[in-house]
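Colleague: Structure file run.csv (CSV, N, CA and C atoms and all ligand atoms) is given on the next line.
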chain,number,residue,atom,x,y,z
P,1,MET,N,67.4,154.7,100.0
P,1,MET,CA,68.7,154.6,100.5
P,1,MET,C,69.0,155.7,101.5
P,2,LYS,N,69.6,155.4,102.6
P,2,LYS,CA,69.9,156.4,103.6
P,2,LYS,C,71.0,157.3,103.1
P,3,SER,N,71.0,158.5,103.6
P,3,SER,CA,71.9,159.5,103.2
P,3,SER,C,73.4,159.1,103.3
P,4,ASN,N,73.7,158.5,104.4
P,4,ASN,CA,75.1,158.0,104.6
P,4,ASN,C,75.5,156.9,103.6
P,5,GLU,N,74.6,156.0,103.4
P,5,GLU,CA,74.9,154.9,102.5
P,5,GLU,C,75.2,155.5,101.1
P,6,LYS,N,74.3,156.5,100.7
P,6,LYS,CA,74.4,157.1,99.4
P,6,LYS,C,75.8,157.8,99.3
P,7,LYS,N,76.2,158.5,100.3
P,7,LYS,CA,77.5,159.1,100.3
P,7,LYS,C,78.6,158.2,100.1
P,8,GLU,N,78.5,157.1,100.8
P,8,GLU,CA,79.6,156.1,100.7
P,8,GLU,C,79.6,155.5,99.3
P,9,HIS,N,78.4,155.3,98.8
P,9,HIS,CA,78.3,154.7,97.4
P,9,HIS,C,78.9,155.7,96.4
P,10,GLU,N,78.6,156.9,96.6
P,10,GLU,CA,79.1,158.0,95.7
P,10,GLU,C,80.6,158.1,95.7
P,11,LYS,N,81.1,157.9,96.9
P,11,LYS,CA,82.6,157.9,97.1
P,11,LYS,C,83.2,156.8,96.3
P,12,LYS,N,82.6,155.6,96.4
P,12,LYS,CA,83.1,154.4,95.7
P,12,LYS,C,83.1,154.7,94.2
P,13,ILE,N,82.1,155.3,93.7
P,13,ILE,CA,82.0,155.5,92.3
P,13,ILE,C,83.1,156.5,91.8
P,14,ILE,N,83.2,157.6,92.6
P,14,ILE,CA,84.2,158.6,92.2
P,14,ILE,C,85.6,158.0,92.2
P,15,LYS,N,85.8,157.1,93.2
P,15,LYS,CA,87.2,156.5,93.3
P,15,LYS,C,87.4,155.6,92.1
P,16,GLU,N,86.4,154.8,91.7
P,16,GLU,CA,86.6,154.0,90.5
P,16,GLU,C,86.9,154.8,89.3
P,17,MET,N,86.2,156.0,89.2
P,17,MET,CA,86.4,156.8,88.0
P,17,MET,C,87.8,157.4,88.0
P,18,ILE,N,88.2,157.9,89.1
P,18,ILE,CA,89.5,158.5,89.2
P,18,ILE,C,90.6,157.4,89.0
P,19,LYS,N,90.4,156.2,89.5
P,19,LYS,CA,91.3,155.1,89.3
P,19,LYS,C,91.5,154.8,87.8
P,20,ILE,N,90.4,154.7,87.1
P,20,ILE,CA,90.5,154.4,85.7
P,20,ILE,C,91.2,155.6,84.9
P,21,TYR,N,90.9,156.8,85.3
P,21,TYR,CA,91.5,157.9,84.7
P,21,TYR,C,93.0,157.9,84.9
P,22,CYS,N,93.4,157.7,86.1
P,22,CYS,CA,94.8,157.7,86.5
P,22,CYS,C,95.6,156.6,85.8
P,23,ALA,N,95.0,155.4,85.8
P,23,ALA,CA,95.6,154.2,85.1
P,23,ALA,C,95.9,154.5,83.7
P,24,LYS,N,94.9,155.1,83.0
P,24,LYS,CA,95.0,155.3,81.5
P,24,LYS,C,95.8,156.5,81.2
P,25,ASN,N,95.8,157.5,82.0
P,25,ASN,CA,96.5,158.8,81.7
P,25,ASN,C,97.8,158.9,82.4
P,26,HIS,N,97.9,158.5,83.6
P,26,HIS,CA,99.1,158.7,84.3
P,26,HIS,C,99.9,157.4,84.5
P,27,HIS,N,99.3,156.3,84.1
P,27,HIS,CA,99.9,155.0,84.1
P,27,HIS,C,100.4,154.6,85.5
P,28,GLN,N,99.5,154.8,86.5
P,28,GLN,CA,99.7,154.4,87.9
P,28,GLN,C,98.8,153.3,88.2
P,29,LYS,N,99.4,152.4,89.0
P,29,LYS,CA,98.5,151.3,89.5
P,29,LYS,C,97.5,151.8,90.5
P,30,ASP,N,98.0,152.6,91.4
P,30,ASP,CA,97.1,153.2,92.4
P,30,ASP,C,97.1,154.7,92.0
P,31,LEU,N,96.4,155.5,92.8
P,31,LEU,CA,96.3,156.9,92.4
P,31,LEU,C,97.6,157.6,92.6
P,32,CYS,N,97.9,158.5,91.7
P,32,CYS,CA,99.1,159.3,91.8
P,32,CYS,C,98.7,160.5,92.8
P,33,ASP,N,99.7,161.3,93.1
P,33,ASP,CA,99.5,162.4,94.1
P,33,ASP,C,98.4,163.3,93.6
P,34,GLU,N,98.4,163.7,92.3
P,34,GLU,CA,97.4,164.6,91.8
P,34,GLU,C,96.0,164.0,91.9
P,35,CYS,N,95.9,162.7,91.5
P,35,CYS,CA,94.6,162.1,91.5
P,35,CYS,C,94.1,161.8,92.9
P,36,LEU,N,95.0,161.5,93.8
P,36,LEU,CA,94.7,161.3,95.2
P,36,LEU,C,94.2,162.6,95.8
P,37,ASP,N,94.8,163.7,95.4
P,37,ASP,CA,94.3,165.0,95.9
P,37,ASP,C,92.9,165.3,95.4
P,38,LEU,N,92.7,165.0,94.2
P,38,LEU,CA,91.3,165.2,93.6
P,38,LEU,C,90.3,164.3,94.3
P,39,TYR,N,90.7,163.0,94.6
P,39,TYR,CA,89.8,162.1,95.3
P,39,TYR,C,89.5,162.6,96.7
P,40,THR,N,90.5,163.0,97.4
P,40,THR,CA,90.3,163.5,98.7
P,40,THR,C,89.4,164.7,98.7
P,41,TYR,N,89.6,165.6,97.8
P,41,TYR,CA,88.7,166.8,97.6
P,41,TYR,C,87.3,166.4,97.4
P,42,ALA,N,87.1,165.4,96.4
P,42,ALA,CA,85.8,165.0,96.1
P,42,ALA,C,85.0,164.4,97.3
P,43,THR,N,85.7,163.6,98.0
P,43,THR,CA,85.1,162.9,99.2
P,43,THR,C,84.7,164.0,100.2
P,44,LYS,N,85.5,165.0,100.3
P,44,LYS,CA,85.1,166.1,101.2
P,44,LYS,C,83.8,166.8,100.8
P,45,ARG,N,83.8,167.0,99.4
P,45,ARG,CA,82.6,167.7,98.9
P,45,ARG,C,81.3,166.8,99.1
P,46,ILE,N,81.5,165.5,98.9
P,46,ILE,CA,80.4,164.6,99.1
P,46,ILE,C,79.9,164.6,100.6
P,47,ASP,N,80.9,164.6,101.5
P,47,ASP,CA,80.6,164.7,102.9
P,47,ASP,C,79.8,165.9,103.3
P,48,CYS,N,80.2,167.0,102.6
P,48,CYS,CA,79.5,168.3,103.0
P,48,CYS,C,78.2,168.5,102.2
P,49,CYS,N,78.0,167.7,101.2
P,49,CYS,CA,76.8,168.0,100.3
P,49,CYS,C,75.5,167.9,101.1
P,50,PRO,N,74.7,168.9,101.0
P,50,PRO,CA,73.4,168.9,101.7
P,50,PRO,C,72.3,168.3,100.8
P,51,PHE,N,72.7,168.0,99.6
P,51,PHE,CA,71.6,167.5,98.6
P,51,PHE,C,71.7,166.0,98.4
P,52,THR,N,72.4,165.3,99.1
P,52,THR,CA,72.6,163.9,98.8
P,52,THR,C,71.3,163.1,98.7
P,53,GLU,N,70.3,163.5,99.5
P,53,GLU,CA,69.1,162.7,99.4
P,53,GLU,C,68.2,163.0,98.2
P,54,THR,N,68.4,164.2,97.7
P,54,THR,CA,67.5,164.5,96.6
P,54,THR,C,68.2,164.4,95.2
P,55,LYS,N,69.5,164.6,95.1
P,55,LYS,CA,70.1,164.5,93.8
P,55,LYS,C,70.5,163.1,93.5
P,56,SER,N,70.9,162.9,92.2
P,56,SER,CA,71.3,161.6,91.8
P,56,SER,C,72.8,161.4,92.0
P,57,PHE,N,73.5,162.4,91.5
P,57,PHE,CA,75.0,162.2,91.6
P,57,PHE,C,75.6,163.6,91.4
P,58,CYS,N,76.8,163.7,91.9
P,58,CYS,CA,77.5,165.0,91.8
P,58,CYS,C,77.5,165.6,90.4
P,59,SER,N,77.7,164.7,89.4
P,59,SER,CA,77.8,165.2,88.0
P,59,SER,C,76.5,165.8,87.5
P,60,ALA,N,75.4,165.4,88.1
P,60,ALA,CA,74.1,165.8,87.7
P,60,ALA,C,73.6,166.9,88.6
P,61,CYS,N,74.4,167.3,89.5
P,61,CYS,CA,73.9,168.3,90.5
P,61,CYS,C,74.0,169.7,89.9
P,62,LYS,N,72.9,170.5,90.3
P,62,LYS,CA,72.8,171.8,89.7
P,62,LYS,C,73.8,172.8,90.5
P,63,VAL,N,74.0,172.4,91.8
P,63,VAL,CA,74.9,173.3,92.5
P,63,VAL,C,76.3,172.8,92.3
P,64,HIS,N,77.1,173.7,91.7
P,64,HIS,CA,78.5,173.3,91.4
P,64,HIS,C,79.4,173.7,92.6
P,65,CYS,N,79.6,172.8,93.5
P,65,CYS,CA,80.2,173.2,94.7
P,65,CYS,C,81.7,173.0,94.6
P,66,TYR,N,82.2,172.5,93.5
P,66,TYR,CA,83.7,172.3,93.4
P,66,TYR,C,84.3,173.6,93.1
P,67,GLN,N,85.5,173.8,93.6
P,67,GLN,CA,86.4,174.9,93.2
P,67,GLN,C,86.7,174.8,91.8
P,68,LYS,N,87.0,176.0,91.2
P,68,LYS,CA,87.3,176.0,89.7
P,68,LYS,C,88.2,174.9,89.2
P,69,GLU,N,89.4,174.8,89.8
P,69,GLU,CA,90.4,173.9,89.3
P,69,GLU,C,90.0,172.5,89.4
P,70,TYR,N,89.4,172.2,90.6
P,70,TYR,CA,88.9,170.8,90.8
P,70,TYR,C,87.8,170.5,89.9
P,71,ARG,N,86.9,171.5,89.7
P,71,ARG,CA,85.8,171.2,88.8
P,71,ARG,C,86.2,170.8,87.4
P,72,HIS,N,87.2,171.5,87.0
P,72,HIS,CA,87.8,171.3,85.6
P,72,HIS,C,88.3,169.8,85.6
P,73,GLN,N,89.1,169.5,86.6
P,73,GLN,CA,89.7,168.2,86.7
P,73,GLN,C,88.7,167.1,86.8
P,74,VAL,N,87.7,167.3,87.6
P,74,VAL,CA,86.7,166.2,87.8
P,74,VAL,C,85.9,166.0,86.6
P,75,ARG,N,85.6,167.1,85.9
P,75,ARG,CA,84.9,167.0,84.6
P,75,ARG,C,85.7,166.1,83.6
P,76,GLN,N,87.0,166.4,83.5
P,76,GLN,CA,87.8,165.6,82.6
P,76,GLN,C,87.7,164.1,83.0
P,77,VAL,N,87.8,163.9,84.3
P,77,VAL,CA,87.8,162.5,84.8
P,77,VAL,C,86.5,161.8,84.4
P,78,MET,N,85.4,162.6,84.6
P,78,MET,CA,84.0,162.0,84.3
P,78,MET,C,83.9,161.7,82.9
P,79,ARG,N,84.3,162.7,82.1
P,79,ARG,CA,84.1,162.5,80.6
P,79,ARG,C,85.0,161.3,80.1
P,80,PHE,N,86.2,161.2,80.7
P,80,PHE,CA,87.1,160.2,80.2
P,80,PHE,C,86.6,158.8,80.8
P,81,SER,N,86.3,158.7,82.0
P,81,SER,CA,86.0,157.5,82.7
P,81,SER,C,84.6,157.0,82.5
P,82,GLY,N,83.7,157.9,82.1
P,82,GLY,CA,82.3,157.6,81.9
P,82,GLY,C,82.1,156.3,81.0
P,83,LYS,N,82.8,156.3,79.9
P,83,LYS,CA,82.6,155.2,78.9
P,83,LYS,C,83.3,153.9,79.5
P,84,TYR,N,84.3,154.1,80.2
P,84,TYR,CA,84.9,152.9,80.8
P,84,TYR,C,84.0,152.3,81.9
P,85,MET,N,83.4,153.2,82.7
P,85,MET,CA,82.5,152.8,83.8
P,85,MET,C,81.4,152.0,83.2
P,86,LEU,N,80.9,152.4,82.1
P,86,LEU,CA,79.8,151.6,81.5
P,86,LEU,C,80.3,150.2,81.2
P,87,PHE,N,81.5,150.1,80.8
P,87,PHE,CA,82.1,148.8,80.5
P,87,PHE,C,82.4,147.9,81.7
P,88,TYR,N,83.1,148.6,82.7
P,88,TYR,CA,83.5,147.9,83.9
P,88,TYR,C,82.4,147.7,84.9
P,89,HIS,N,81.6,148.7,85.1
P,89,HIS,CA,80.5,148.7,86.1
P,89,HIS,C,79.2,149.2,85.5
P,90,PRO,N,78.7,148.4,84.6
P,90,PRO,CA,77.4,148.8,83.8
P,90,PRO,C,76.2,149.1,84.7
P,91,VAL,N,76.0,148.3,85.7
P,91,VAL,CA,74.8,148.5,86.5
P,91,VAL,C,74.9,149.8,87.3
P,92,MET,N,76.1,149.9,88.0
P,92,MET,CA,76.4,151.1,88.8
P,92,MET,C,76.2,152.3,87.9
P,93,THR,N,76.7,152.3,86.7
P,93,THR,CA,76.8,153.4,85.8
P,93,THR,C,75.4,153.9,85.4
P,94,ILE,N,74.6,152.9,84.9
P,94,ILE,CA,73.3,153.2,84.4
P,94,ILE,C,72.4,153.6,85.5
P,95,LYS,N,72.5,153.0,86.7
P,95,LYS,CA,71.7,153.3,87.8
P,95,LYS,C,71.9,154.8,88.2
P,96,HIS,N,73.1,155.2,88.1
P,96,HIS,CA,73.4,156.6,88.5
P,96,HIS,C,73.3,157.6,87.4
P,97,GLY,N,73.0,157.1,86.2
P,97,GLY,CA,72.8,158.0,85.1
P,97,GLY,C,74.1,158.8,84.8
P,98,LEU,N,75.2,158.1,85.0
P,98,LEU,CA,76.5,158.8,84.8
P,98,LEU,C,76.7,159.0,83.3
P,99,VAL,N,76.2,158.1,82.5
P,99,VAL,CA,76.4,158.2,81.1
P,99,VAL,C,75.1,158.7,80.5
P,100,SER,N,75.2,159.7,79.7
P,100,SER,CA,73.9,160.2,79.1
P,100,SER,C,73.4,159.2,78.1
P,101,LEU,N,72.1,159.4,77.7
P,101,LEU,CA,71.5,158.5,76.8
P,101,LEU,C,72.2,158.5,75.4
P,102,LYS,N,72.6,159.7,75.0
P,102,LYS,CA,73.3,159.8,73.8
P,102,LYS,C,74.6,159.0,73.8
P,103,GLU,N,75.4,159.1,74.8
P,103,GLU,CA,76.6,158.4,74.9
P,103,GLU,C,76.3,156.8,74.9
P,104,ARG,N,75.2,156.5,75.6
P,104,ARG,CA,74.9,155.1,75.6
P,104,ARG,C,74.6,154.5,74.2
P,105,ARG,N,73.9,155.4,73.5
P,105,ARG,CA,73.5,155.0,72.1
P,105,ARG,C,74.8,154.8,71.3
P,106,ASN,N,75.7,155.7,71.4
P,106,ASN,CA,77.0,155.6,70.7
P,106,ASN,C,77.7,154.4,71.0
P,107,GLN,N,77.6,154.0,72.2
P,107,GLN,CA,78.3,152.7,72.6
P,107,GLN,C,77.8,151.5,71.9
P,108,HIS,N,76.5,151.5,71.7
P,108,HIS,CA,75.9,150.4,71.0
P,108,HIS,C,76.2,150.4,69.5
P,109,VAL,N,76.4,151.6,68.9
P,109,VAL,CA,76.7,151.6,67.5
P,109,VAL,C,78.1,151.1,67.3
P,110,GLN,N,79.0,151.5,68.2
P,110,GLN,CA,80.4,151.1,67.9
P,110,GLN,C,80.6,149.7,68.0
P,201,ZN,ZN,96.8,160.2,88.3
Since I need it in another form, could you write the structure as structure tokens?
Modeller:
Amino acid sequence: MKSNEKKEHEKKIIKEMIKIYCAKNHHQKDLCDECLDLYTYATKRIDCCPFTETKSFCSACKVHCYQKEYRHQVRQVMRFSGKYMLFYHPVMTIKHGLVSLKERRNQHVQ
């Protein structure tokens, strides 16, 4: 996959995750200001990321390029939306390794 395509794809995923998080936690149909801000920040990070071609996804990246507050926020979003992503977008999720093996196993048990 070309670097640009991958970036666009990554943006799509992060948007889906933030959308799920916002809908369930802030009860907004579209992104609220706070989540929109996080999304805008995340897309900027993706655009600036020099590792797009080698890494799988931001959450798996060893270089934590997010600022402290945003990092905390995005982690919450990932933790929360990860399980929903598996449900709504299983192929996308598994392909990107968003959900760890352990979490996947738990899903099957439940
Ligand atoms: Zn929100």
Colleague: For ligand ZN 201 (chain P), collect every residue having any atom at a distance of at most 7 Å from a ligand atom (counting only N, CA and C atoms and all ligand atoms); output as JSON, numbers by chain.
Modeller: {"P": [18, 21, 22, 23, 25, 26, 27, 28, 30, 31, 32, 33, 34, 35, 36]}
Colleague: From a DSSP pass on the backbone, collect the residues of stretch 1-77 of chain P flagged as alpha helix (DSSP H) and hand them back as a PyMOL selection string.
Modeller: chain P and resi 3-25+33-48+68-77
Colleague: What gap, in Å, lies between atom N of P:Arg71 and atom CA of P:Val91?
Modeller: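 Atom-to-atom, atom N of P:Arg71 and atom CA of P:Val91 are spaced 26.2 Å apart.
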Colleague: Pick out the closest residue to P:Phe87 from this set: P:Lys29, P:Lys68, P:Ile20, P:Cys49. Count only C-alpha atoms.
Modeller: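 Distance minimum relative to P:Phe87 lands on P:Ile20.
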Colleague: Could you please determine the separation between atom CA of P:Glu8 and atom CA of P:Met92 in Å, to one decimal place?
Modeller: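 Answer for the atom CA of P:Glu8 to atom CA of P:Met92 separation: 13.3 Å.
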Colleague: Point out the residue among P:Cys65, P:Glu16, P:Asn4, P:Asp37 with the least atom-to-atom distance to P:Gly82, counting only C-alpha atoms.
Modeller: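 Closest candidate: P:Glu16.
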Colleague: I'd like to know which of P:Lys11, P:Lys6, P:Arg79, P:His72 is closest to P:Thr43, using all atoms listed in the file.
Modeller: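 With all atoms listed in the file as the atom set, the closest residue is P:Lys11.
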